[in-house]
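Taking it in order: structure first as structure tokens, then the write-up.
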Amino acid sequence: MQGPRPSESSGHAGARGERVNRTFVVLGLALALLVGAAGLSGAAPKKKKGKKGKPVWPLPNPSFKNKAFVPSSANRQISGVFGPRLKWGGARYDHHEGFDFFAQYDPSTYPRGYHPVLSVLPGVVSEVISPANPERTETGRKVVITHPFPWTAFGGSKEWGPVRTAYLHLSSIAVKKGDRVKAGQEVGRAGQSGYTSTTHLHLNAYRNGGRDVNVNPARLFNPKLFPGVSLPIHKSTVEVVWLERDKAAGTALVRVYLARNVYVLDGFVFAVDKDKRRSVSFEHVSATQRAKRDTGDEDLVPGLRIYPLRYNGGGAIERVNSSNVPRGWPMARYPVPGGKGVRLGFDLLATDVPPSAKKFKLTVFGVLGKKITATGKRFKAEK
Ligand SMILES: [Zn+2]
């Protein structure tokens with residue numbers, strides 16, 4: 001995969017800030033980074049069941065019990081990851097540009113979910129957006145911090161410049177433009193200002209290359225630094241199922257299940273014989289195809305359609321099944337099994353597949369260089 005190309009750098013002025021109490025940490029990544037690259041030993045992820053054995057979503061990330069990671073709460077959880085997901089409330093493709101952190105735990109202390117939001121790294125507040133009418137803006141109240149760390153420290157290229165992070169949908173802001181902040185310092189409170197239906201923190205990571213060019217925040221959660229927090233792309237964390245080959249329709253369908261906590265996923269190469277044009281990098285989409293971020297189920301790249309198996313955001317499970325999935329979707333023919341834990345993943349449909357095609361190979365890769373490959377010798381159904 002080619003990486004996104006930088007074009008221009010950007011940065012915008014902000015508005016006023018508000019001071020609120022600071023207490024505890026929403027994102028303690030920075031603290032851990034300060035401790036050093038020696039890394040932290042996170043607990044291996046375990047499955048957690050809700051009432052009556054039903055899966056709960058968002059799933060608590062047990063690694064957040066590591067107090068060096070997030071001192072505040074055992075219930076911290078990433079409720080939405082970078083990349084394609086189902087549009088909230090409907091079976092449409094939606095490209096999510098950052099991470100969501102669920103913020104509705106501990107209602108006795110934070111009845112409205114207004115948990116403190118902390119800078120993930122030390123830096124300088126480079127932008128504060130506090131619109132008079134935040135509900136009419138996409139991002140709501142927002143703080144951007146520029147950090148004195150290059151992206152090269154997190155697997156990026158030199159042109160990406162320094163790491164910038166942004167904190168969106170805040171209920172209040174605790175800093176102003178130009179403020180120096182420490183790692184773990186409160187920048188505001190989680191809220192639901194802007195276009196969102198739940199109280200949560202949306203975390204963005206930006207690089208140079210245009211205004212707000214998004215990078216997968218998983219780069220900051222490098223599994224080497226935080227084992228167990230984010231699982232690598234690995235044959236034990238990625239399951240590939242070859243579903244259907246239809247020669248008359250010229251299609252080939254493969255499903256990819258991801259273990260939860262696989263936050264580093266960046267894309268796929270679905271090779272048909274030696275033809276590798278069916279490939280996509282979600283960071284690349286973010287950087288260069290912003291108009292395609294919300295395109296329904298049209299081809300994201302020529303010859304490849306992506307159908308996320310479910311919405312990966314906070315709130316209730318938006319299960320796509322035979323009762324609400326559009327008829328043309330692969331999930332209508334191959335329902336996502338339920339009851340064995342929440343299954344995240346994608347159906348990848350190759351179109352324009354020549355009837356003579358013999359070899360199918362899927363490569364799943366992450367932002368940190370890991371990948372797995374699977375070869376399709378036989379599909380479950382062949383027409
Ligand atoms: Zn979000």
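Chain labels A, B, ... are given in the sequence in which chains occur in the structure tokens; within each chain residues are numbered consecutively from 1, and ligands are likewise numbered from 1 in the order shown.
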Q: Using only C-alpha atoms and all ligand atoms, determine which residues fall within 10 Å of ligand 1, then list them as a count of residues only.
A: 27
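Residues with any atom within 8 Å of A:Arg164, counting only C-alpha atoms and excluding same-chain neighbours fewer than 3 positions away, are Val144, Ile145, Thr146, His147, Ala205, Tyr206 and Arg207 of chain A.
Once stretch 264-272 of chain A and its same-chain neighbours fewer than 3 positions away are set aside, Ala218, Asp275, Lys276, Arg278, Ser279, Val280, Ser281, Phe282, Lys359, Phe360, Lys361, Leu362, Thr363, Val364, Phe365, Gly366 and Val367 of chain A remain within 6 Å of it when counting only C-alpha atoms.
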I need the chosen residues saved as a PDB file, in the first residue's frame, with N, CA, C and O atoms.
```pdb
ATOM      1  N   ALA A 218      -4.629   4.548  16.855  1.00  0.00           N
ATOM      2  CA  ALA A 218      -4.017   3.309  17.348  1.00  0.00           C
ATOM      3  C   ALA A 218      -2.495   3.382  17.308  1.00  0.00           C
ATOM      4  O   ALA A 218      -1.815   2.679  18.037  1.00  0.00           O
ATOM      5  N   ASP A 275      -3.843  -9.607  -9.773  1.00  0.00           N
ATOM      6  CA  ASP A 275      -4.423  -8.270  -9.795  1.00  0.00           C
ATOM      7  C   ASP A 275      -4.640  -7.768  -8.366  1.00  0.00           C
ATOM      8  O   ASP A 275      -5.465  -8.310  -7.623  1.00  0.00           O
ATOM      9  N   LYS A 276      -3.891  -6.736  -7.988  1.00  0.00           N
ATOM     10  CA  LYS A 276      -3.966  -6.235  -6.610  1.00  0.00           C
ATOM     11  C   LYS A 276      -4.634  -4.869  -6.503  1.00  0.00           C
ATOM     12  O   LYS A 276      -4.449  -4.147  -5.534  1.00  0.00           O
ATOM     13  N   ARG A 278      -7.614  -4.242  -5.929  1.00  0.00           N
ATOM     14  CA  ARG A 278      -8.639  -4.195  -4.883  1.00  0.00           C
ATOM     15  C   ARG A 278      -7.970  -4.062  -3.523  1.00  0.00           C
ATOM     16  O   ARG A 278      -7.853  -5.027  -2.767  1.00  0.00           O
ATOM     17  N   SER A 279      -7.483  -2.880  -3.262  1.00  0.00           N
ATOM     18  CA  SER A 279      -6.778  -2.662  -2.010  1.00  0.00           C
ATOM     19  C   SER A 279      -7.175  -1.320  -1.433  1.00  0.00           C
ATOM     20  O   SER A 279      -7.454  -0.378  -2.169  1.00  0.00           O
ATOM     21  N   VAL A 280      -7.209  -1.270  -0.132  1.00  0.00           N
ATOM     22  CA  VAL A 280      -7.616  -0.023   0.507  1.00  0.00           C
ATOM     23  C   VAL A 280      -6.872   0.144   1.827  1.00  0.00           C
ATOM     24  O   VAL A 280      -6.671  -0.805   2.577  1.00  0.00           O
ATOM     25  N   SER A 281      -6.440   1.372   2.059  1.00  0.00           N
ATOM     26  CA  SER A 281      -5.895   1.770   3.356  1.00  0.00           C
ATOM     27  C   SER A 281      -6.828   2.823   3.926  1.00  0.00           C
ATOM     28  O   SER A 281      -7.093   3.837   3.278  1.00  0.00           O
ATOM     29  N   PHE A 282      -7.323   2.595   5.106  1.00  0.00           N
ATOM     30  CA  PHE A 282      -8.298   3.533   5.666  1.00  0.00           C
ATOM     31  C   PHE A 282      -7.660   4.881   5.991  1.00  0.00           C
ATOM     32  O   PHE A 282      -8.296   5.925   5.886  1.00  0.00           O
ATOM     33  N   LYS A 359      -6.897 -17.824  -8.357  1.00  0.00           N
ATOM     34  CA  LYS A 359      -6.303 -17.658  -7.023  1.00  0.00           C
ATOM     35  C   LYS A 359      -6.828 -16.398  -6.340  1.00  0.00           C
ATOM     36  O   LYS A 359      -6.830 -15.322  -6.923  1.00  0.00           O
ATOM     37  N   PHE A 360      -7.226 -16.583  -5.084  1.00  0.00           N
ATOM     38  CA  PHE A 360      -7.688 -15.446  -4.297  1.00  0.00           C
ATOM     39  C   PHE A 360      -6.818 -15.356  -3.043  1.00  0.00           C
ATOM     40  O   PHE A 360      -6.623 -16.351  -2.337  1.00  0.00           O
ATOM     41  N   LYS A 361      -6.345 -14.167  -2.803  1.00  0.00           N
ATOM     42  CA  LYS A 361      -5.502 -14.004  -1.618  1.00  0.00           C
ATOM     43  C   LYS A 361      -5.886 -12.710  -0.921  1.00  0.00           C
ATOM     44  O   LYS A 361      -5.951 -11.654  -1.554  1.00  0.00           O
ATOM     45  N   LEU A 362      -6.148 -12.819   0.360  1.00  0.00           N
ATOM     46  CA  LEU A 362      -6.494 -11.633   1.136  1.00  0.00           C
ATOM     47  C   LEU A 362      -5.366 -11.314   2.098  1.00  0.00           C
ATOM     48  O   LEU A 362      -4.907 -12.194   2.835  1.00  0.00           O
ATOM     49  N   THR A 363      -4.947 -10.073   2.073  1.00  0.00           N
ATOM     50  CA  THR A 363      -3.967  -9.610   3.052  1.00  0.00           C
ATOM     51  C   THR A 363      -4.624  -8.548   3.913  1.00  0.00           C
ATOM     52  O   THR A 363      -5.212  -7.604   3.399  1.00  0.00           O
ATOM     53  N   VAL A 364      -4.553  -8.756   5.200  1.00  0.00           N
ATOM     54  CA  VAL A 364      -5.100  -7.803   6.167  1.00  0.00           C
ATOM     55  C   VAL A 364      -3.910  -7.151   6.844  1.00  0.00           C
ATOM     56  O   VAL A 364      -3.019  -7.853   7.324  1.00  0.00           O
ATOM     57  N   PHE A 365      -3.875  -5.839   6.838  1.00  0.00           N
ATOM     58  CA  PHE A 365      -2.696  -5.205   7.427  1.00  0.00           C
ATOM     59  C   PHE A 365      -3.069  -4.094   8.385  1.00  0.00           C
ATOM     60  O   PHE A 365      -4.167  -3.544   8.343  1.00  0.00           O
ATOM     61  N   GLY A 366      -2.147  -3.797   9.257  1.00  0.00           N
ATOM     62  CA  GLY A 366      -2.380  -2.779  10.274  1.00  0.00           C
ATOM     63  C   GLY A 366      -1.480  -1.582  10.071  1.00  0.00           C
ATOM     64  O   GLY A 366      -0.584  -1.595   9.222  1.00  0.00           O
ATOM     65  N   VAL A 367      -1.721  -0.537  10.852  1.00  0.00           N
ATOM     66  CA  VAL A 367      -0.929   0.679  10.696  1.00  0.00           C
ATOM     67  C   VAL A 367       0.485   0.520  11.222  1.00  0.00           C
ATOM     68  O   VAL A 367       1.334   1.361  10.974  1.00  0.00           O
TER      69      VAL A 367
END
```
Q: Give me every alpha helix (DSSP H) residue in stretch 124-373 of chain A, going by DSSP on the backbone, as a PyMOL selection string.
A: chain A and resi 282-288+330-333
Using only C-alpha atoms, what does the table of stretch 180-268 of chain A residues within 7 Å of stretch 108-123 of chain A look like, with each row giving the shortest atom pair and its distance in Å to one decimal, sorted by chain and ascending number, as JSON lines?
```
{"residue": "A:Arg180", "atom": "CA", "partner": "A:Gly123", "partner_atom": "CA", "distance": 5.9}
{"residue": "A:Val181", "atom": "CA", "partner": "A:Gly123", "partner_atom": "CA", "distance": 5.5}
{"residue": "A:Lys182", "atom": "CA", "partner": "A:Pro122", "partner_atom": "CA", "distance": 4.3}
{"residue": "A:Ala183", "atom": "CA", "partner": "A:Leu121", "partner_atom": "CA", "distance": 4.3}
{"residue": "A:Gly184", "atom": "CA", "partner": "A:Leu118", "partner_atom": "CA", "distance": 4.9}
{"residue": "A:Gln185", "atom": "CA", "partner": "A:Leu118", "partner_atom": "CA", "distance": 5.0}
{"residue": "A:Glu186", "atom": "CA", "partner": "A:Leu118", "partner_atom": "CA", "distance": 4.2}
{"residue": "A:Val187", "atom": "CA", "partner": "A:Leu118", "partner_atom": "CA", "distance": 5.5}
{"residue": "A:Gly188", "atom": "CA", "partner": "A:Val117", "partner_atom": "CA", "distance": 5.4}
{"residue": "A:Arg189", "atom": "CA", "partner": "A:Pro116", "partner_atom": "CA", "distance": 4.5}
{"residue": "A:Ala190", "atom": "CA", "partner": "A:Tyr114", "partner_atom": "CA", "distance": 4.7}
{"residue": "A:Gly191", "atom": "CA", "partner": "A:Tyr114", "partner_atom": "CA", "distance": 5.6}
{"residue": "A:Thr199", "atom": "CA", "partner": "A:Gly113", "partner_atom": "CA", "distance": 6.1}
```
Q) Quick one: residues within 10 Å of A:Arg219, only C-alpha atoms counted, chain neighbours fewer than 4 positions away excluded, as a PyMOL selection string? A) chain A and resi 151+153-156+205+215+223+230+263-264+366-368
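Among the candidates A:Leu170, A:Val143, A:Ala132, A:Met331, the one nearest to A:Asp347 when counting only C-alpha atoms is A:Met331.
Coordinates place atom CA of A:Leu344 at a distance of 7.8 Å from atom CA of A:Pro308.
Compared by their closest atoms to A:His234, and using only C-alpha atoms, the residues A:Lys371, A:Val353, A:Lys383, A:Arg333 rank with A:Lys371 nearest.
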Q: Compare A:Ala350, A:Ile233, A:Val128, A:Ala374 by their minimum atom-to-atom distance to A:Ala249, counting only C-alpha atoms, and give me the closest one.
A: A:Ala350
